[in-house]
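> After the structure tokens below, expect a handful of questions from me.
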Amino acid sequence: MNTADSQLENAAKPLIQAQGVFKSFGSNRVLQGVDLEVQRGQVACIIGPSGSGKSTFLRCINHLEAIDRGSLRVDGELVGYREQGSKLHELRKHEIARRRADIGMVFQSFNLFPHMTVLENIVIAPMRVHGISRRDGEAGARELLEKVGLPHKAGDYPRTLSGGQQQRVAIARALAMKPKLMLFDEPTSALDPELVGEVLTVMKELAGEGMTMVVVTHELGFAREVGDVLVFMDEGRIIESGAPRDVLANPQTERARVFLSRVL
Amino acid sequence: MSQSAESFARNPRIEDPTRGPVENASGDPAVYQSHQDEAPNRADQEERQIVPVRHWGRWAGAAVIALLLALLLHSLITNPRFQWDVVWQYAFSPQILEGLRRTVWLTIAAMAIGALLGTVLAVMRRSENPILSATAGGYIWFFRGTPQLVQLIFWYNLSALYPTIALGVPFGPELFSLDANKIITVYVAALLGLGLNEGAYMAEIVRAGLNSVDKGQTEAAEALGLSSVTIFTRIVLPQAMRFIIPPTGNQLIAMLKTTSLISVIALPELLYSAQMIYIQNFQPIPLLIVASLWYLILTTVLSIGQYFIEKRFGRSENRLGNKTLLSKLITRRLAKEIA
């Protein structure tokens with residue numbers, strides 16, 4: 001990255017700005033003041049023990065969960081609210097949907113639509129949300145399938161694909177909406193070890209094209225190689241963050257040291 | 001046969017003519033064979049004949065059933081009191097066919113009302129709005145909790161409770177009013193009595209179907225920015241259909257016969273048409289057979305339809321297990337046609 005580029009990026013607002021985000025489920029306080037900024041084009045990896053709130057935080061970013069307190073902005077806009085004068089208006093369902101359309105999300109359990117073919121899975125959202133024609137949608141879908149290495153699977157049903165193939169279709173489905181941000185919620189955790197690589201390769205290519213990504217993962221190798229920022233969460237807080245190499249080599253907190261020594 | 005068994009018991013040493021000398025019969029053929037064939041080397045094992053397990057119990061059971069079926073068939077044909085000539089005479093009589101027509105359209109219409117109402121109630125029941133959810137729950141509680149026969153008679157006699165039915169602003173002025181006796185005809189009463197009751201049962205079936213769809217499906221659809229309506233109609237409902245259709249087929253077949261209840265409000269559907277004939281000619285058995293045969297034929301048609309619809313909605317799952325006799329017959333027929 002040269003100086004001119006970084007100056008440009010500094011001038012632009014960060015794509016994600018989280019300040020003091022709190023979230024509870026009943027008496028279970030899952031997020032207890034999360035602060036995070038992700039710049040455009042960055043890949044942020046979130047690691048941490050299970051129950052640390054990393055998936056919940058990710059889900060808050062596209063409003064699958066509503067935050068209790070704090071502020072969370074994507075591309076300058078408050079998630080779930082419209083600012084008008086001094087008041088915050090809660091968004092209606094279709095307004096939330098419109099904003100979500102700009103954020104791609106990939107789930108641990110793929111969540112492909114089992115009653116639709118691979119192609120139908122990919123074209124439904126562009127057709128229904130962006131209103132593009134079936135012909136254009138299918139052309140785009142085939143390009144995306146080429147990109148994730150599954151050009152021959154267009155007519156297949158998801159259950160006939162391996163886990164790794166399903167997750168690559170899920171990535172293609174999210175990309176079909178031309179999102180400005182991609183969220184990955186433990187995308188390789190449900191996969192057999194030998195299938196993890198094919199999904200990470202696709203994600204790496206995506207990062208190389210400059211996509212802004214937030215990845216909740218246990219793949220420290222991926223975080224080190226592809227990540228621009230590594231965030232370590234524990235008990236609903238970010239307790240370490242920085243360049244992946246530094247955080248992984250020199251954890252500052254005892255909690256992170258213990259966790260990394262177990263995982264590595 | 002019983003005689004030979006008795007004599008055999010009295011004198012165990014007597015020779016059973018069917019089995020040869022008693023001494024020899026002690027060796028069961030299978031045991032005998034395995035003694036003989038004790039292989040000198042194991043290489044021979046692959047070439048040896050395999051004797052499959054014989055299911056003697058099943059064969060005996062099948063023989064008993066076959067005998068009973070033969071007896072039943074024989075009596076059906078030979079017992080003159082079934083009066084098959086009368087059955088045949090009335091099977092296609094205009095009165096019966098008119099009743100059949102009414103039964104068919106009442107079944108379809110009541111089921112359509114039930115399915116639509118059931119879907120609406122199921123969605124209400126799952127709503128986050130407590131009033132909507134409780135209303136649906138109360139409806140289901142009431143209509144499942146009272147006898148359908150009572151509901152039918154109640155709708156038929158609605159005019160006793162509300163002599164006029166008016167449309168107007170709630171608690172305000174009336175726009176127009178109608179005589180309840182004229183609106184609530186037997187047909188309307190029948191459709192209300194059957195359809196509203198069915199709605200309560202369908203609501204539970206649809207709700208169970210909707211609940212069976214993984215929450216991740218809705219989340220994935222929401223994350224793509226799809227609208228609530230699209231998520232329901234394109235993602236959740238089609239997947240719920242696999243769970244909704246089999247019990248709905250059951251309900252439809254049940255509805256076909258429940259329509260016979262409306263004979264109490266004197267609407268001549270299939271059963272009541274048959275009754276009206278045998279009240280005049282005093283031949284209840286053959287006419288009840290006529291009605292039953294028509295119900296059986298309709299049920300068969302519905303079962304075949306159900307098989308194909310289930311197949312269509314299960315296409316991504318390809319569940320081929322649990323074949324019924326009917327589905328086997330249909331598949332074989334199709335395979336033949338294709339060949």
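Here, A, B, ... name the chains of the structure tokens in the order displayed, residue numbers run from 1 inside each chain, and ligands are numbered from 1 in the same displayed order.
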Write out as a PyMOL selection string every residue belonging to chain B that has an atom at most 10 Å from any atom of chain A, counting only C-alpha atoms.
chain B and resi 214-228+230+234-236+238-239+313-317
> As a PyMOL selection string, please: the residues near segment 240-255 of chain A (cut-off 6 Å, only C-alpha atoms, same-chain neighbours under 2 positions excluded).
chain A and resi 224+229-232+238+257-258
> Any chance you can output those residues with N, CA and C atoms as a PDB file, in the first residue's frame?

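Output below, filename again-v8.pdb:
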ATOM      1  N   ARG A 224      -3.591 -14.570   9.777  1.00  0.00           N
ATOM      2  CA  ARG A 224      -2.230 -14.042   9.666  1.00  0.00           C
ATOM      3  C   ARG A 224      -1.929 -13.654   8.230  1.00  0.00           C
ATOM      4  N   VAL A 229      -6.443  -6.628  10.110  1.00  0.00           N
ATOM      5  CA  VAL A 229      -6.634  -6.374  11.535  1.00  0.00           C
ATOM      6  C   VAL A 229      -7.036  -7.682  12.186  1.00  0.00           C
ATOM      7  N   LEU A 230      -6.503  -7.950  13.360  1.00  0.00           N
ATOM      8  CA  LEU A 230      -6.945  -9.108  14.121  1.00  0.00           C
ATOM      9  C   LEU A 230      -7.499  -8.602  15.446  1.00  0.00           C
ATOM     10  N   VAL A 231      -8.696  -9.069  15.760  1.00  0.00           N
ATOM     11  CA  VAL A 231      -9.365  -8.620  16.981  1.00  0.00           C
ATOM     12  C   VAL A 231      -9.569  -9.827  17.870  1.00  0.00           C
ATOM     13  N   PHE A 232      -9.180  -9.704  19.109  1.00  0.00           N
ATOM     14  CA  PHE A 232      -9.409 -10.803  20.040  1.00  0.00           C
ATOM     15  C   PHE A 232     -10.511 -10.393  21.004  1.00  0.00           C
ATOM     16  N   ILE A 238     -13.590  -6.332  23.297  1.00  0.00           N
ATOM     17  CA  ILE A 238     -12.375  -6.537  22.509  1.00  0.00           C
ATOM     18  C   ILE A 238     -11.207  -6.287  23.449  1.00  0.00           C
ATOM     19  N   ARG A 257      -3.066 -14.866  25.622  1.00  0.00           N
ATOM     20  CA  ARG A 257      -1.925 -15.796  25.623  1.00  0.00           C
ATOM     21  C   ARG A 257      -2.401 -17.228  25.847  1.00  0.00           C
ATOM     22  N   VAL A 258      -3.268 -17.405  26.838  1.00  0.00           N
ATOM     23  CA  VAL A 258      -3.770 -18.743  27.159  1.00  0.00           C
ATOM     24  C   VAL A 258      -4.547 -19.312  25.977  1.00  0.00           C
TER      25      VAL A 258
END
> Looking only at helix (DSSP H, G or I) from DSSP on the backbone, list the matching residues of segment 35-189 of chain A as an MDAnalysis selection string.
chainID A and resid 54:61 93:100 118:129 134:147 151:153 158:160 163:175
> Just list as a PyMOL selection string whatever in segment 17-233 of chain B DSSP marks as strand (DSSP E).
chain B and resi 164-168+174-179
> Which polymer residues have any atom within 12 Å of an atom of Pro284 of chain B, counting only C-alpha atoms, with same-chain residues fewer than 3 positions away left out, as a list of chain:residue names?
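Counting only the stated atoms, we get B:Arg81, B:Phe82, B:Gln83, B:Val86, B:Val87, B:Tyr90, B:Leu271, B:Tyr272, B:Ser273, B:Ala274, B:Gln275, B:Met276, B:Ile277, B:Tyr278, B:Ile279, B:Gln280, B:Asn281, B:Leu287, B:Leu288, B:Ile289, B:Val290, B:Ala291.
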> Would you put the residues from that selection into a file with C-alpha atoms, as a tab-separated table (two decimals), in the first residue's frame?

chain	number	residue	atom	x	y	z
B	81	ARG	CA	-78.89	-60.35	0.47
B	82	PHE	CA	-76.15	-57.97	-0.67
B	83	GLN	CA	-78.40	-57.45	-3.68
B	86	VAL	CA	-79.87	-53.21	-6.75
B	87	VAL	CA	-76.42	-51.74	-6.16
B	90	TYR	CA	-78.69	-47.27	-8.36
B	271	LEU	CA	-74.96	-40.18	1.73
B	272	TYR	CA	-78.21	-38.28	2.18
B	273	SER	CA	-79.13	-38.96	-1.46
B	274	ALA	CA	-78.68	-42.68	-0.82
B	275	GLN	CA	-80.73	-42.38	2.37
B	276	MET	CA	-83.56	-40.63	0.56
B	277	ILE	CA	-83.68	-43.53	-1.90
B	278	TYR	CA	-83.72	-46.30	0.68
B	279	ILE	CA	-86.33	-44.56	2.78
B	280	GLN	CA	-88.61	-45.08	-0.21
B	281	ASN	CA	-87.55	-48.54	-1.41
B	287	LEU	CA	-77.74	-48.17	-1.17
B	288	LEU	CA	-75.22	-47.78	1.63
B	289	ILE	CA	-72.90	-49.96	-0.48
B	290	VAL	CA	-73.46	-47.60	-3.43
B	291	ALA	CA	-72.48	-44.59	-1.32
> Do a neighbour search on segment 304-306 of chain B at 7 Å with only C-alpha atoms, toss out local chain neighbours closer than 4 positions, and write the hits as a list of chain:residue names.
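My list of contacting residues is B:Gly249, B:Thr300, B:Glu310.
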> For those residues, write N, CA and C atoms to a file as a PDB file, in the first residue's frame.

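What ended up in again_22.pdb:
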ATOM      1  N   GLY B 249     -53.464 -34.044   3.062  1.00  0.00           N
ATOM      2  CA  GLY B 249     -54.105 -35.099   2.273  1.00  0.00           C
ATOM      3  C   GLY B 249     -55.025 -35.927   3.154  1.00  0.00           C
ATOM      4  N   THR B 300     -59.547 -43.091  -3.376  1.00  0.00           N
ATOM      5  CA  THR B 300     -58.446 -43.625  -4.178  1.00  0.00           C
ATOM      6  C   THR B 300     -57.876 -42.547  -5.084  1.00  0.00           C
ATOM      7  N   GLU B 310     -46.866 -34.976  -3.230  1.00  0.00           N
ATOM      8  CA  GLU B 310     -45.777 -35.186  -2.279  1.00  0.00           C
ATOM      9  C   GLU B 310     -44.456 -35.347  -3.009  1.00  0.00           C
TER      10      GLU B 310
END
> Tell me which protein, DNA and RNA residues are within 12 Å of Glu65 of chain A, counting only C-alpha atoms, leaving out same-chain ones fewer than 4 positions away, and put them as a ChimeraX atom specification.
/A:21-25,30-31,53,55-61,72,79-80,96 /B:219,222-223
> Quick one: residues within 10 Å of Ile140 of chain B, only C-alpha atoms, excluding same-chain residues fewer than 6 positions away - as an MDAnalysis selection string?
chainID B and resid 118 121:122 125 134 196:204
